[in-house]
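A.B. asks: Quick one: structure below, then a few questions.
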There are 2 protein chains.
Amino acid sequence: MVKDSKPTKIEDVAARANVSIMSVSRAIRGVEGVSEKKRAEILRLAREMKYVPNSNARSLAVANSNLIGISLPTFAGEVFADILNGMRKTFDSAGYSSVIDTTEYSPEAELNWVRRLLSWQPAGIILTGTDHTPETQDLLRAAPIPVLEIWDQSEDPIDICVGIDHFKAGQMIGEHAVALGYARPAFVSTARGHDTRADARLEGVREVFARLKSAPVLSSRIASDNNFATGFQGTSELLSGDVPDLICYLNDHMAFGGMMSCQAKGLSVPDDIGIIGFNELDLASVLPMELTTVRTLRKLMGIVGARNLLARINGAKTDTCTVLPIEFVPGQTTRPQ
Amino acid sequence: MVKDSKPTKIEDVAARANVSIMSVSRAIRGVEGVSEKKRAEILRLAREMKYVPNSNARSLAVANSNLIGISLPTFAGEVFADILNGMRKTFDSAGYSSVIDTTEYSPEAELNWVRRLLSWQPAGIILTGTDHTPETQDLLRAAPIPVLEIWDQSEDPIDICVGIDHFKAGQMIGEHAVALGYARPAFVSTARGHDTRADARLEGVREVFARLKSAPVLSSRIASDNNFATGFQGTSELLSGDVPDLICYLNDHMAFGGMMSCQAKGLSVPDDIGIIGFNELDLASVLPMELTTVRTLRKLMGIVGARNLLARINGAKTDTCTVLPIEFVPGQTTRPQ
DNA sequence: CTGTTAGCGCGTTCAC
DNA sequence: GTGAACGCGCTAACAG
C-alpha cells in the first residue's frame, strides 16, 4: 500500500531526543561535537524512527555532492559491465556513489541524460566514447566539474579520457591478418554510426589492407543488440556474396555467431575461412577451438578512469589522455603462422 | 580543466533578462503565466548562459521527484538488461528517470543502496527478488512510496511484485526430464545463497525427482560471474564423479559452457548426456543444435512491472503479485520424446 | 559540548 | 501577466 505519512525529518528526531537539530545532524554525520552518550541515543532513535536524511536538502546546503554520473551506451554484453565493475569499486571505497544510464548509442539520449545529471550537481561525469552532440560538449565544458571520457581516446577530450585506440586496434588486426596471408577480408558489425568505436576499428583494418594489399574490406552491418544473432545473420549475408577468406567481428560474441553461420554453410574454420573476434570475452575460454581475438583491459580501464577522475575532483592533475595497451591473441580460428 | 565559476542559477538568468525569478521559473517549466515574447527571450538566454536547473532545490521545494530507484543483482548476462530495457521505455515515456545500482547479490549492498535511494526521495523503488534483509524491508514498508519487487514472486511482497515462479519452473524442468526418461540428474549453478532464484529452481527439480523417481539431484556450485567459464568448470567437476545423464543449468550461457565441457570429455549430447538451460538467451538462436531451455518473458516483465509501479505512484490499484508464464522449450540437447 | 542564525536554489502563495 | 515574500530540510559559521 502507499503509505501517506510524511517522511521523518531531522527535526522530528531532535524533538524526540530532546536535543537541537544540530546535535542530530552531527550525530548522524559522525562528526565531532556531540558527547558519545547523546550520539548513541540519537542514532538509536533515528534508527527506530526510520529516519533517512534528505539528500536534496543536504546537497543544497553544502553545494556539492558525492555523486558520479555515468553514461554508457548499453548494458548488453560484458564490455561495459566490466568497465563499470572496475569503476564502482574505486568510487565506493572513496565514498562516492554513482548513477548510471544507458543511451542505446543515441547522442540525443546522451544529451538528455547529461542535462539531468548536471541538474543533480554531481561531483563528476563519465561519458562513453568521444562522440557527443555539440551541445553536450558545450554544457560539459562549461560545467564546473571534471568529465571523464572512457573506452575511446581523443587528442582533445572534454576534460580527461582513458581508453584504447580503436583505429590502431583495427590496424593491429589488419597487420596480423596480412602476415597470416589473408587477402579477402570482411568485417561484420552493427549499423554505421551506431558504434563509432567499431567503425574506427573497421577503418583501421581497411587502411592496412588498402596500403599493404590494395584490397578492400567487405562489410556487413546489422543494427541489433543481440550479438550472437547479429553475428550469425551478418555472416550469412556476407557468405551469400563473394566469400571472404577472413571475417573480423565487432566482438567475440558476434564472432561466435559468425562461426556458427560458417559451420551451417559447410565452411570449415580456419581452413576455408578465418575468424577474428574482439575483447577476449568470457565465452572464449570455453570454446574447443581457441578464438583469435584482441585482449582489452576493461576492468583496468575502469579502475584507472575512476582513479583519474577522483584525482581531478580532488583538484590534482592527471594525464589528459591515458591510452591502455591492447594485445592480439592468436588462436586457432585463423591460419597458423 | 576544472572550471571554477559557480553554476548559473535562476537568479542570474532573471537579472540578465530583466524579469523576476518567477518569470524565469515559469518559462523554464513551460507553465502558464508568462507572455510568449518573454518566454522565448528567457529560454534563449537560459540556453545561452548554459543554465541548468538545480534538481536538489527543486525537489526540496516541491517535495517530490520523478525519480525511480532500481536495484539489480548484476549487469552481467542478458537477463537484467532485458528486464531493464522493458522498464526504461515505460518510465521514459511517462517522464520518469531512473537510477540503477547493482548489488552483486549482496543483501547488505542492497540495504545500502536502498538507504541512499530513499535519501533522494524517489517516486518509487524497484528491487530484484524477494529476499532482503529485515532492515531493508522495514525501511521500505515505512517509506511513503510504492515498491516493486521483480523477477521473483511472493505471497507477501513489500508492496507489489511481478515475476515468475522459480520453484515451479524447476518443477516444470523436472517433470519434462522425468518424462524424457532421465534418472540421474544434476544441476550446475553458483554458490548457494548467491542467486536464490536459481536455488529455488534447483529445489523444484529436486522435489520432482524425489517424488517421482526417488532420485537425488547432484549439484555443482561455483561462485563466479563468468557464466561460460563457470558452466564449464562446474560441469568438469561434476563429470569427475558419478556421471549424470542430465545436467540442468542456471542459464543458457552456463549450459553452453557445460556442453563444451562434455564435448571436451568425449561425451556426446544428447546421447550420453542431456543438457537443459534457462532463459532462452540470444545465444540459443545460433547454436547448430537447438538448446533445450525455458523461455522467460523478461522484457514483458519489465514493461508490466513498470506499468504497475506507475499505477501505484499515481494512486491506482494494481495486482499485488503478477506471475508471468514460462514455457519449456524442448530442443536437441535432450533426448527426443 | 551545545544551540542559534542565516541561507543553499527553487516553487508555492498571494499580492499587485 | 508579473513579482515579493516565505519555506522546503539541512548544514556552515558562529555564539555560548
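Residues in the C-alpha cells are named by chain (A, B, ... in the order shown) and by number from 1 within that chain; ligands are numbered from 1 in the order shown.
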Could you list, as a PyMOL selection string, every residue within 9 Å of Thr130 of chain B, counting only C-alpha atoms (C1' of nucleotides) and ignoring same-chain residues fewer than 5 positions away?
C.D. replies: chain B and resi 149-154+157-158+161
A.B. asks: Using only C-alpha atoms (C1' of nucleotides), I'd like a table of the residues in chain A that come within 7 Å of chain C; for each, show the closest atom pair and its distance in Å rounded to one decimal, ordered by chain and ascending number, as a Markdown table.
C.D. replies:
| residue | atom | partner | partner_atom | distance |
| --- | --- | --- | --- | --- |
| A:Ser20 | CA | C:DG3 | C1' | 6.5 |
| A:Gly33 | CA | C:DC1 | C1' | 5.9 |
| A:Val34 | CA | C:DC1 | C1' | 6.1 |
| A:Ser35 | CA | C:DC1 | C1' | 6.7 |
| A:Leu60 | CA | C:DC8 | C1' | 5.0 |
| A:Ala61 | CA | C:DC8 | C1' | 4.5 |
| A:Ala63 | CA | C:DC8 | C1' | 6.8 |
A.B. asks: Using N, CA, C and O atoms, can you write the selected residues to a file as an mmCIF file, in the first residue's frame?
C.D. replies:
data_model
loop_
_atom_site.group_PDB
_atom_site.id
_atom_site.type_symbol
_atom_site.label_atom_id
_atom_site.label_comp_id
_atom_site.auth_asym_id
_atom_site.auth_seq_id
_atom_site.Cartn_x
_atom_site.Cartn_y
_atom_site.Cartn_z
ATOM 1 N N SER A 20 18.960 19.648 20.134
ATOM 2 C CA SER A 20 18.778 20.540 18.991
ATOM 3 C C SER A 20 18.987 19.778 17.687
ATOM 4 O O SER A 20 19.583 18.703 17.657
ATOM 5 N N GLY A 33 31.615 16.840 18.103
ATOM 6 C CA GLY A 33 30.784 17.886 18.658
ATOM 7 C C GLY A 33 29.553 17.375 19.380
ATOM 8 O O GLY A 33 28.641 18.140 19.679
ATOM 9 N N VAL A 34 29.476 16.077 19.606
ATOM 10 C CA VAL A 34 28.378 15.513 20.394
ATOM 11 C C VAL A 34 28.984 14.521 21.380
ATOM 12 O O VAL A 34 29.898 13.788 21.023
ATOM 13 N N SER A 35 28.492 14.501 22.562
ATOM 14 C CA SER A 35 29.001 13.525 23.527
ATOM 15 C C SER A 35 28.588 12.138 23.061
ATOM 16 O O SER A 35 27.552 11.964 22.409
ATOM 17 N N LEU A 60 21.875 20.705 -1.296
ATOM 18 C CA LEU A 60 21.591 22.125 -1.482
ATOM 19 C C LEU A 60 22.388 22.945 -0.474
ATOM 20 O O LEU A 60 22.968 23.983 -0.807
ATOM 21 N N ALA A 61 22.438 22.462 0.749
ATOM 22 C CA ALA A 61 23.117 23.204 1.803
ATOM 23 C C ALA A 61 24.631 23.225 1.609
ATOM 24 O O ALA A 61 25.268 24.253 1.801
ATOM 25 N N ALA A 63 26.204 22.485 -1.189
ATOM 26 C CA ALA A 63 26.569 22.857 -2.556
ATOM 27 C C ALA A 63 27.575 21.901 -3.186
ATOM 28 O O ALA A 63 28.433 22.319 -3.942
#
A.B. asks: May I have the residues within 10 Å of segment 260-277 of chain B as a ChimeraX atom specification, using only C-alpha atoms (C1' of nucleotides) and disregarding those fewer than 6 positions away in the same chain?
C.D. replies: /A:286-288 /B:173,177,180,182,184-188,228-229,231-237,239-240,243-254,284,289,291-295,328-336
A.B. asks: Keeping only N, CA and C atoms, take the residues you just selected and write them out as a compact mmCIF listing (two decimals), in the first residue's frame.
C.D. replies:
# COMPACT_ATOMS: atom_id res chain seq x y z
N VAL A 286 35.85 -21.09 -23.12
CA VAL A 286 35.26 -22.43 -23.13
C VAL A 286 35.20 -23.07 -24.52
N LEU A 287 35.52 -22.31 -25.54
CA LEU A 287 35.41 -22.87 -26.88
C LEU A 287 36.47 -23.93 -27.13
N PRO A 288 36.10 -25.00 -27.82
CA PRO A 288 37.06 -26.07 -28.09
C PRO A 288 38.18 -25.58 -28.99
N ILE B 173 10.84 -28.20 -15.27
CA ILE B 173 12.03 -28.83 -15.84
C ILE B 173 12.11 -30.30 -15.40
N ALA B 177 11.95 -33.63 -17.65
CA ALA B 177 13.12 -34.52 -17.61
C ALA B 177 12.70 -35.96 -17.30
N LEU B 180 11.11 -37.55 -20.19
CA LEU B 180 12.07 -37.92 -21.23
C LEU B 180 12.91 -39.13 -20.81
N TYR B 182 14.95 -39.37 -18.03
CA TYR B 182 16.20 -39.15 -17.29
C TYR B 182 16.05 -39.62 -15.86
N ARG B 184 19.25 -39.71 -13.61
CA ARG B 184 20.38 -39.29 -12.77
C ARG B 184 20.71 -37.82 -13.08
N PRO B 185 19.87 -36.93 -12.59
CA PRO B 185 20.01 -35.52 -12.94
C PRO B 185 21.05 -34.79 -12.09
N ALA B 186 21.52 -33.69 -12.61
CA ALA B 186 22.43 -32.82 -11.87
C ALA B 186 22.08 -31.37 -12.21
N PHE B 187 22.57 -30.48 -11.38
CA PHE B 187 22.26 -29.06 -11.56
C PHE B 187 23.54 -28.27 -11.34
N VAL B 188 23.89 -27.46 -12.31
CA VAL B 188 25.09 -26.63 -12.17
C VAL B 188 24.68 -25.19 -11.98
N PHE B 228 30.03 -18.49 -18.83
CA PHE B 228 30.52 -19.55 -19.69
C PHE B 228 31.56 -20.39 -18.95
N ALA B 229 32.52 -19.71 -18.38
CA ALA B 229 33.59 -20.41 -17.67
C ALA B 229 33.04 -21.19 -16.49
N GLY B 231 30.04 -22.46 -16.12
CA GLY B 231 29.33 -23.63 -16.62
C GLY B 231 30.30 -24.73 -16.98
N PHE B 232 31.38 -24.32 -17.59
CA PHE B 232 32.40 -25.28 -18.00
C PHE B 232 33.02 -25.96 -16.78
N GLN B 233 33.45 -25.15 -15.84
CA GLN B 233 34.13 -25.69 -14.66
C GLN B 233 33.19 -26.53 -13.79
N GLY B 234 32.00 -26.01 -13.59
CA GLY B 234 31.05 -26.75 -12.77
C GLY B 234 30.78 -28.12 -13.37
N THR B 235 30.70 -28.17 -14.67
CA THR B 235 30.44 -29.43 -15.35
C THR B 235 31.64 -30.37 -15.26
N SER B 236 32.81 -29.82 -15.45
CA SER B 236 34.02 -30.64 -15.37
C SER B 236 34.09 -31.30 -14.00
N GLU B 237 33.80 -30.52 -12.99
CA GLU B 237 33.82 -31.02 -11.62
C GLU B 237 32.83 -32.17 -11.46
N LEU B 239 31.57 -34.07 -13.75
CA LEU B 239 31.88 -35.25 -14.56
C LEU B 239 33.03 -36.07 -14.01
N SER B 240 33.72 -35.50 -13.04
CA SER B 240 34.82 -36.27 -12.44
C SER B 240 34.29 -37.27 -11.42
N VAL B 243 28.89 -39.92 -13.32
CA VAL B 243 28.40 -39.11 -14.44
C VAL B 243 26.87 -39.14 -14.50
N PRO B 244 26.24 -38.00 -14.45
CA PRO B 244 24.78 -37.93 -14.53
C PRO B 244 24.32 -38.17 -15.97
N ASP B 245 23.02 -38.37 -16.15
CA ASP B 245 22.54 -38.49 -17.53
C ASP B 245 21.88 -37.19 -18.01
N LEU B 246 21.80 -36.22 -17.09
CA LEU B 246 21.20 -34.93 -17.46
C LEU B 246 21.79 -33.84 -16.58
N ILE B 247 22.11 -32.72 -17.20
CA ILE B 247 22.55 -31.58 -16.39
C ILE B 247 21.69 -30.36 -16.71
N CYS B 248 21.12 -29.78 -15.66
CA CYS B 248 20.36 -28.54 -15.80
C CYS B 248 21.26 -27.40 -15.36
N TYR B 249 21.05 -26.25 -15.99
CA TYR B 249 21.93 -25.13 -15.70
C TYR B 249 21.15 -23.89 -15.27
N LEU B 250 21.90 -23.00 -14.65
CA LEU B 250 21.32 -21.74 -14.19
C LEU B 250 20.82 -20.91 -15.36
N ASN B 251 21.53 -20.96 -16.47
CA ASN B 251 21.06 -20.25 -17.66
C ASN B 251 21.72 -20.82 -18.91
N ASP B 252 21.35 -20.31 -20.05
CA ASP B 252 21.84 -20.86 -21.33
C ASP B 252 23.34 -20.70 -21.50
N HIS B 253 23.88 -19.60 -20.99
CA HIS B 253 25.32 -19.40 -21.16
C HIS B 253 26.09 -20.46 -20.39
N MET B 254 25.64 -20.70 -19.17
CA MET B 254 26.30 -21.75 -18.40
C MET B 254 26.09 -23.10 -19.08
N ALA B 284 21.16 -18.99 -27.84
CA ALA B 284 20.47 -20.21 -28.26
C ALA B 284 20.09 -20.17 -29.74
N MET B 289 22.82 -26.98 -32.66
CA MET B 289 21.93 -27.93 -32.02
C MET B 289 20.99 -27.13 -31.13
N LEU B 291 19.04 -25.77 -28.28
CA LEU B 291 19.22 -25.97 -26.85
C LEU B 291 17.86 -26.14 -26.17
N THR B 292 17.74 -27.19 -25.38
CA THR B 292 16.55 -27.34 -24.56
C THR B 292 16.63 -26.32 -23.43
N THR B 293 15.59 -25.51 -23.29
CA THR B 293 15.68 -24.43 -22.33
C THR B 293 14.28 -24.03 -21.86
N VAL B 294 14.20 -22.98 -21.10
CA VAL B 294 12.92 -22.48 -20.62
C VAL B 294 12.81 -21.01 -21.02
N ARG B 295 11.73 -20.69 -21.69
CA ARG B 295 11.54 -19.32 -22.15
C ARG B 295 10.97 -18.46 -21.03
N PHE B 328 8.45 -24.35 -21.36
CA PHE B 328 9.55 -25.28 -21.60
C PHE B 328 9.76 -25.36 -23.10
N VAL B 329 11.01 -25.21 -23.52
CA VAL B 329 11.33 -25.24 -24.96
C VAL B 329 12.18 -26.47 -25.25
N PRO B 330 11.56 -27.56 -25.70
CA PRO B 330 12.34 -28.78 -25.95
C PRO B 330 13.27 -28.57 -27.15
N GLY B 331 14.48 -29.02 -27.03
CA GLY B 331 15.44 -28.86 -28.13
C GLY B 331 16.14 -30.17 -28.41
N GLN B 332 17.31 -30.08 -28.97
CA GLN B 332 18.03 -31.29 -29.36
C GLN B 332 19.14 -31.66 -28.38
N THR B 333 19.21 -30.92 -27.30
CA THR B 333 20.25 -31.26 -26.33
C THR B 333 19.71 -32.21 -25.26
N THR B 334 18.44 -32.56 -25.42
CA THR B 334 17.88 -33.63 -24.59
C THR B 334 17.33 -34.70 -25.54
N ARG B 335 17.15 -35.89 -25.02
CA ARG B 335 16.62 -36.99 -25.84
C ARG B 335 15.27 -36.63 -26.44
N PRO B 336 15.00 -37.13 -27.61
CA PRO B 336 13.65 -36.91 -28.17
C PRO B 336 12.63 -37.66 -27.31
A.B. asks: As an MDAnalysis selection string, which residues of segment 154-257 of chain B does DSSP assign to alpha helix (DSSP H)?
C.D. replies: chainID B and resid 166:179 196:213 227:239 252:257
A.B. asks: Next, write the just-selected residues to a file, as a short mmCIF file (atom, residue, chain, number, x, y, z; two decimals), in the first residue's frame, keeping N, CA and C atoms as the atom set.
C.D. replies:
data_model
loop_
_atom_site.label_atom_id
_atom_site.label_comp_id
_atom_site.auth_asym_id
_atom_site.auth_seq_id
_atom_site.Cartn_x
_atom_site.Cartn_y
_atom_site.Cartn_z
N HIS B 166 9.90 -19.46 -9.62
CA HIS B 166 11.12 -20.21 -9.93
C HIS B 166 11.06 -21.66 -9.45
N PHE B 167 10.39 -21.87 -8.34
CA PHE B 167 10.24 -23.25 -7.87
C PHE B 167 9.44 -24.06 -8.88
N LYS B 168 8.36 -23.47 -9.34
CA LYS B 168 7.55 -24.17 -10.35
C LYS B 168 8.32 -24.37 -11.65
N ALA B 169 9.16 -23.38 -11.97
CA ALA B 169 9.99 -23.54 -13.17
C ALA B 169 10.87 -24.77 -13.02
N GLY B 170 11.43 -24.92 -11.82
CA GLY B 170 12.24 -26.10 -11.55
C GLY B 170 11.42 -27.37 -11.67
N GLN B 171 10.21 -27.32 -11.13
CA GLN B 171 9.33 -28.49 -11.24
C GLN B 171 9.02 -28.81 -12.69
N MET B 172 8.78 -27.79 -13.47
CA MET B 172 8.49 -27.98 -14.88
C MET B 172 9.66 -28.68 -15.58
N ILE B 173 10.84 -28.20 -15.27
CA ILE B 173 12.03 -28.83 -15.84
C ILE B 173 12.11 -30.30 -15.40
N GLY B 174 11.90 -30.50 -14.10
CA GLY B 174 11.97 -31.86 -13.57
C GLY B 174 10.96 -32.78 -14.22
N GLU B 175 9.76 -32.30 -14.38
CA GLU B 175 8.72 -33.15 -14.97
C GLU B 175 9.02 -33.52 -16.42
N HIS B 176 9.48 -32.54 -17.18
CA HIS B 176 9.87 -32.86 -18.55
C HIS B 176 11.03 -33.85 -18.57
N ALA B 177 11.95 -33.63 -17.65
CA ALA B 177 13.12 -34.52 -17.61
C ALA B 177 12.70 -35.96 -17.30
N VAL B 178 11.80 -36.09 -16.34
CA VAL B 178 11.31 -37.43 -16.00
C VAL B 178 10.58 -38.04 -17.19
N ALA B 179 9.77 -37.23 -17.84
CA ALA B 179 9.02 -37.72 -19.00
C ALA B 179 9.96 -38.19 -20.11
N THR B 196 19.28 -16.72 -5.17
CA THR B 196 18.24 -17.51 -4.51
C THR B 196 17.16 -17.98 -5.49
N ARG B 197 17.01 -17.30 -6.62
CA ARG B 197 16.05 -17.78 -7.62
C ARG B 197 16.54 -19.10 -8.22
N ALA B 198 17.83 -19.15 -8.52
CA ALA B 198 18.38 -20.39 -9.06
C ALA B 198 18.26 -21.50 -8.02
N ASP B 199 18.46 -21.14 -6.77
CA ASP B 199 18.31 -22.13 -5.70
C ASP B 199 16.88 -22.69 -5.70
N ALA B 200 15.92 -21.82 -5.89
CA ALA B 200 14.52 -22.26 -5.89
C ALA B 200 14.25 -23.20 -7.06
N ARG B 201 14.86 -22.91 -8.19
CA ARG B 201 14.65 -23.79 -9.34
C ARG B 201 15.24 -25.17 -9.07
N LEU B 202 16.42 -25.16 -8.49
CA LEU B 202 17.04 -26.44 -8.13
C LEU B 202 16.12 -27.22 -7.19
N GLU B 203 15.54 -26.55 -6.22
CA GLU B 203 14.64 -27.23 -5.29
C GLU B 203 13.43 -27.78 -6.01
N GLY B 204 12.98 -27.07 -7.03
CA GLY B 204 11.86 -27.56 -7.82
C GLY B 204 12.19 -28.85 -8.53
N VAL B 205 13.37 -28.88 -9.12
CA VAL B 205 13.82 -30.10 -9.81
C VAL B 205 13.94 -31.23 -8.79
N ARG B 206 14.53 -30.90 -7.66
CA ARG B 206 14.71 -31.90 -6.60
C ARG B 206 13.39 -32.50 -6.16
N GLU B 207 12.43 -31.63 -5.95
CA GLU B 207 11.13 -32.09 -5.46
C GLU B 207 10.55 -33.11 -6.41
N VAL B 208 10.60 -32.82 -7.70
CA VAL B 208 10.00 -33.71 -8.69
C VAL B 208 10.73 -35.05 -8.75
N PHE B 209 12.06 -35.00 -8.78
CA PHE B 209 12.82 -36.25 -8.86
C PHE B 209 12.68 -37.08 -7.59
N ALA B 210 12.57 -36.40 -6.46
CA ALA B 210 12.37 -37.12 -5.21
C ALA B 210 11.01 -37.80 -5.22
N ARG B 211 10.01 -37.07 -5.67
CA ARG B 211 8.64 -37.58 -5.64
C ARG B 211 8.42 -38.68 -6.67
N LEU B 212 8.88 -38.42 -7.90
CA LEU B 212 8.56 -39.34 -8.99
C LEU B 212 9.57 -40.49 -9.15
N LYS B 213 10.82 -40.21 -8.81
CA LYS B 213 11.84 -41.21 -9.08
C LYS B 213 12.66 -41.59 -7.86
N ASN B 227 29.75 -16.59 -16.69
CA ASN B 227 28.82 -17.68 -16.90
C ASN B 227 29.38 -18.83 -17.73
N PHE B 228 30.03 -18.49 -18.83
CA PHE B 228 30.52 -19.55 -19.69
C PHE B 228 31.56 -20.39 -18.95
N ALA B 229 32.52 -19.71 -18.38
CA ALA B 229 33.59 -20.41 -17.67
C ALA B 229 33.04 -21.19 -16.49
N THR B 230 32.09 -20.60 -15.78
CA THR B 230 31.52 -21.27 -14.62
C THR B 230 30.78 -22.53 -15.04
N GLY B 231 30.04 -22.46 -16.12
CA GLY B 231 29.33 -23.63 -16.62
C GLY B 231 30.30 -24.73 -16.98
N PHE B 232 31.38 -24.32 -17.59
CA PHE B 232 32.40 -25.28 -18.00
C PHE B 232 33.02 -25.96 -16.78
N GLN B 233 33.45 -25.15 -15.84
CA GLN B 233 34.13 -25.69 -14.66
C GLN B 233 33.19 -26.53 -13.79
N GLY B 234 32.00 -26.01 -13.59
CA GLY B 234 31.05 -26.75 -12.77
C GLY B 234 30.78 -28.12 -13.37
N THR B 235 30.70 -28.17 -14.67
CA THR B 235 30.44 -29.43 -15.35
C THR B 235 31.64 -30.37 -15.26
N SER B 236 32.81 -29.82 -15.45
CA SER B 236 34.02 -30.64 -15.37
C SER B 236 34.09 -31.30 -14.00
N GLU B 237 33.80 -30.52 -12.99
CA GLU B 237 33.82 -31.02 -11.62
C GLU B 237 32.83 -32.17 -11.46
N LEU B 238 31.65 -31.93 -11.98
CA LEU B 238 30.58 -32.92 -11.88
C LEU B 238 30.96 -34.22 -12.59
N LEU B 239 31.57 -34.07 -13.75
CA LEU B 239 31.88 -35.25 -14.56
C LEU B 239 33.03 -36.07 -14.01
N ASP B 252 21.35 -20.31 -20.05
CA ASP B 252 21.84 -20.86 -21.33
C ASP B 252 23.34 -20.70 -21.50
N HIS B 253 23.88 -19.60 -20.99
CA HIS B 253 25.32 -19.40 -21.16
C HIS B 253 26.09 -20.46 -20.39
N MET B 254 25.64 -20.70 -19.17
CA MET B 254 26.30 -21.75 -18.40
C MET B 254 26.09 -23.10 -19.08
N ALA B 255 24.92 -23.30 -19.62
CA ALA B 255 24.64 -24.57 -20.31
C ALA B 255 25.60 -24.76 -21.49
N PHE B 256 25.86 -23.69 -22.20
CA PHE B 256 26.79 -23.82 -23.32
C PHE B 256 28.19 -24.14 -22.82
N GLY B 257 28.61 -23.44 -21.78
CA GLY B 257 29.91 -23.78 -21.17
C GLY B 257 29.95 -25.26 -20.80
#
A.B. asks: Would you mind listing what lies within 9 Å of Thr296 of chain B as JSON, numbers by chain, with only C-alpha atoms (C1' of nucleotides) counted and same-chain residues fewer than 6 positions away left out?
C.D. replies: {"B": [164, 278, 279, 280, 324, 325, 326, 327]}
A.B. asks: Using only N, CA, C and O atoms, please write the residues we just selected to a file, as a CSV table (one decimal), in the first residue's frame.
C.D. replies:
chain,number,residue,atom,x,y,z
B,164,ILE,N,8.3,-14.5,-12.0
B,164,ILE,CA,7.9,-15.9,-12.3
B,164,ILE,C,8.1,-16.7,-11.1
B,164,ILE,O,8.7,-16.3,-10.1
B,278,PHE,N,18.4,-22.3,-19.3
B,278,PHE,CA,17.3,-21.5,-18.8
B,278,PHE,C,17.4,-20.1,-19.4
B,278,PHE,O,18.4,-19.5,-19.6
B,279,ASN,N,16.2,-19.5,-19.6
B,279,ASN,CA,16.0,-18.2,-20.1
B,279,ASN,C,15.9,-17.9,-21.6
B,279,ASN,O,15.6,-16.8,-22.0
B,280,GLU,N,16.3,-19.0,-22.4
B,280,GLU,CA,16.3,-18.8,-23.8
B,280,GLU,C,17.0,-17.5,-24.2
B,280,GLU,O,16.3,-16.5,-24.7
B,324,LEU,N,4.1,-14.2,-14.3
B,324,LEU,CA,4.2,-14.3,-15.7
B,324,LEU,C,4.4,-15.8,-16.1
B,324,LEU,O,5.1,-16.6,-15.4
B,325,PRO,N,3.9,-16.2,-17.2
B,325,PRO,CA,4.0,-17.6,-17.7
B,325,PRO,C,5.4,-17.9,-18.1
B,325,PRO,O,6.1,-17.0,-18.6
B,326,ILE,N,5.8,-19.1,-18.0
B,326,ILE,CA,7.1,-19.6,-18.6
B,326,ILE,C,6.8,-20.8,-19.5
B,326,ILE,O,5.7,-21.3,-19.4
B,327,GLU,N,7.7,-21.1,-20.3
B,327,GLU,CA,7.4,-22.2,-21.3
B,327,GLU,C,8.7,-23.1,-21.5
B,327,GLU,O,9.8,-22.6,-21.7
A.B. asks: Give me, as number ranges by chain, the contact residues of chain B against chain A at a cut-off of 6 Å, counting only C-alpha atoms.
C.D. replies: B: 1-4, 52-56, 60, 75, 81, 99, 119-120, 144-146, 159, 228, 257, 283, 286
A.B. asks: One decimal, in Å: what's the spacing between atom CA of Leu43 of chain A and atom CA of Arg16 of chain A?
C.D. replies: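 Atom CA of Leu43 of chain A sits 11.7 Å away from atom CA of Arg16 of chain A.
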A.B. asks: Give as a list in words every residue of chain D that touches chain B within 7 Å, counting only C-alpha atoms (C1' of nucleotides).
C.D. replies: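 The selection requested is DG1, DG3 and DC8 of chain D.
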A.B. asks: So how far away is atom CA of Arg192 of chain B from atom CA of Ser220 of chain B, in Å?
C.D. replies: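 That distance, rounded to one decimal, is 9.8 Å.
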A.B. asks: Using DSSP on the backbone coordinates, identify the residues of segment 4-88 of chain B assigned to strand (DSSP E or B); present them as a VMD selection string.
C.D. replies: chain B and resid 67 to 72
A.B. asks: Would you work out the distance separating atom CA of Asp242 of chain A from atom CA of Val217 of chain A, expressed in Å to one decimal?
C.D. replies: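 Between atom CA of Asp242 of chain A and atom CA of Val217 of chain A the gap works out to 11.7 Å.
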A.B. asks: Would you mind listing what lies within 6 Å of segment 298-307 of chain A as a list in words, with only C-alpha atoms (C1' of nucleotides) counted and same-chain residues fewer than 4 positions away left out?
C.D. replies: Asp82, Ile83, Gly86, Met87 and Val162 of chain A
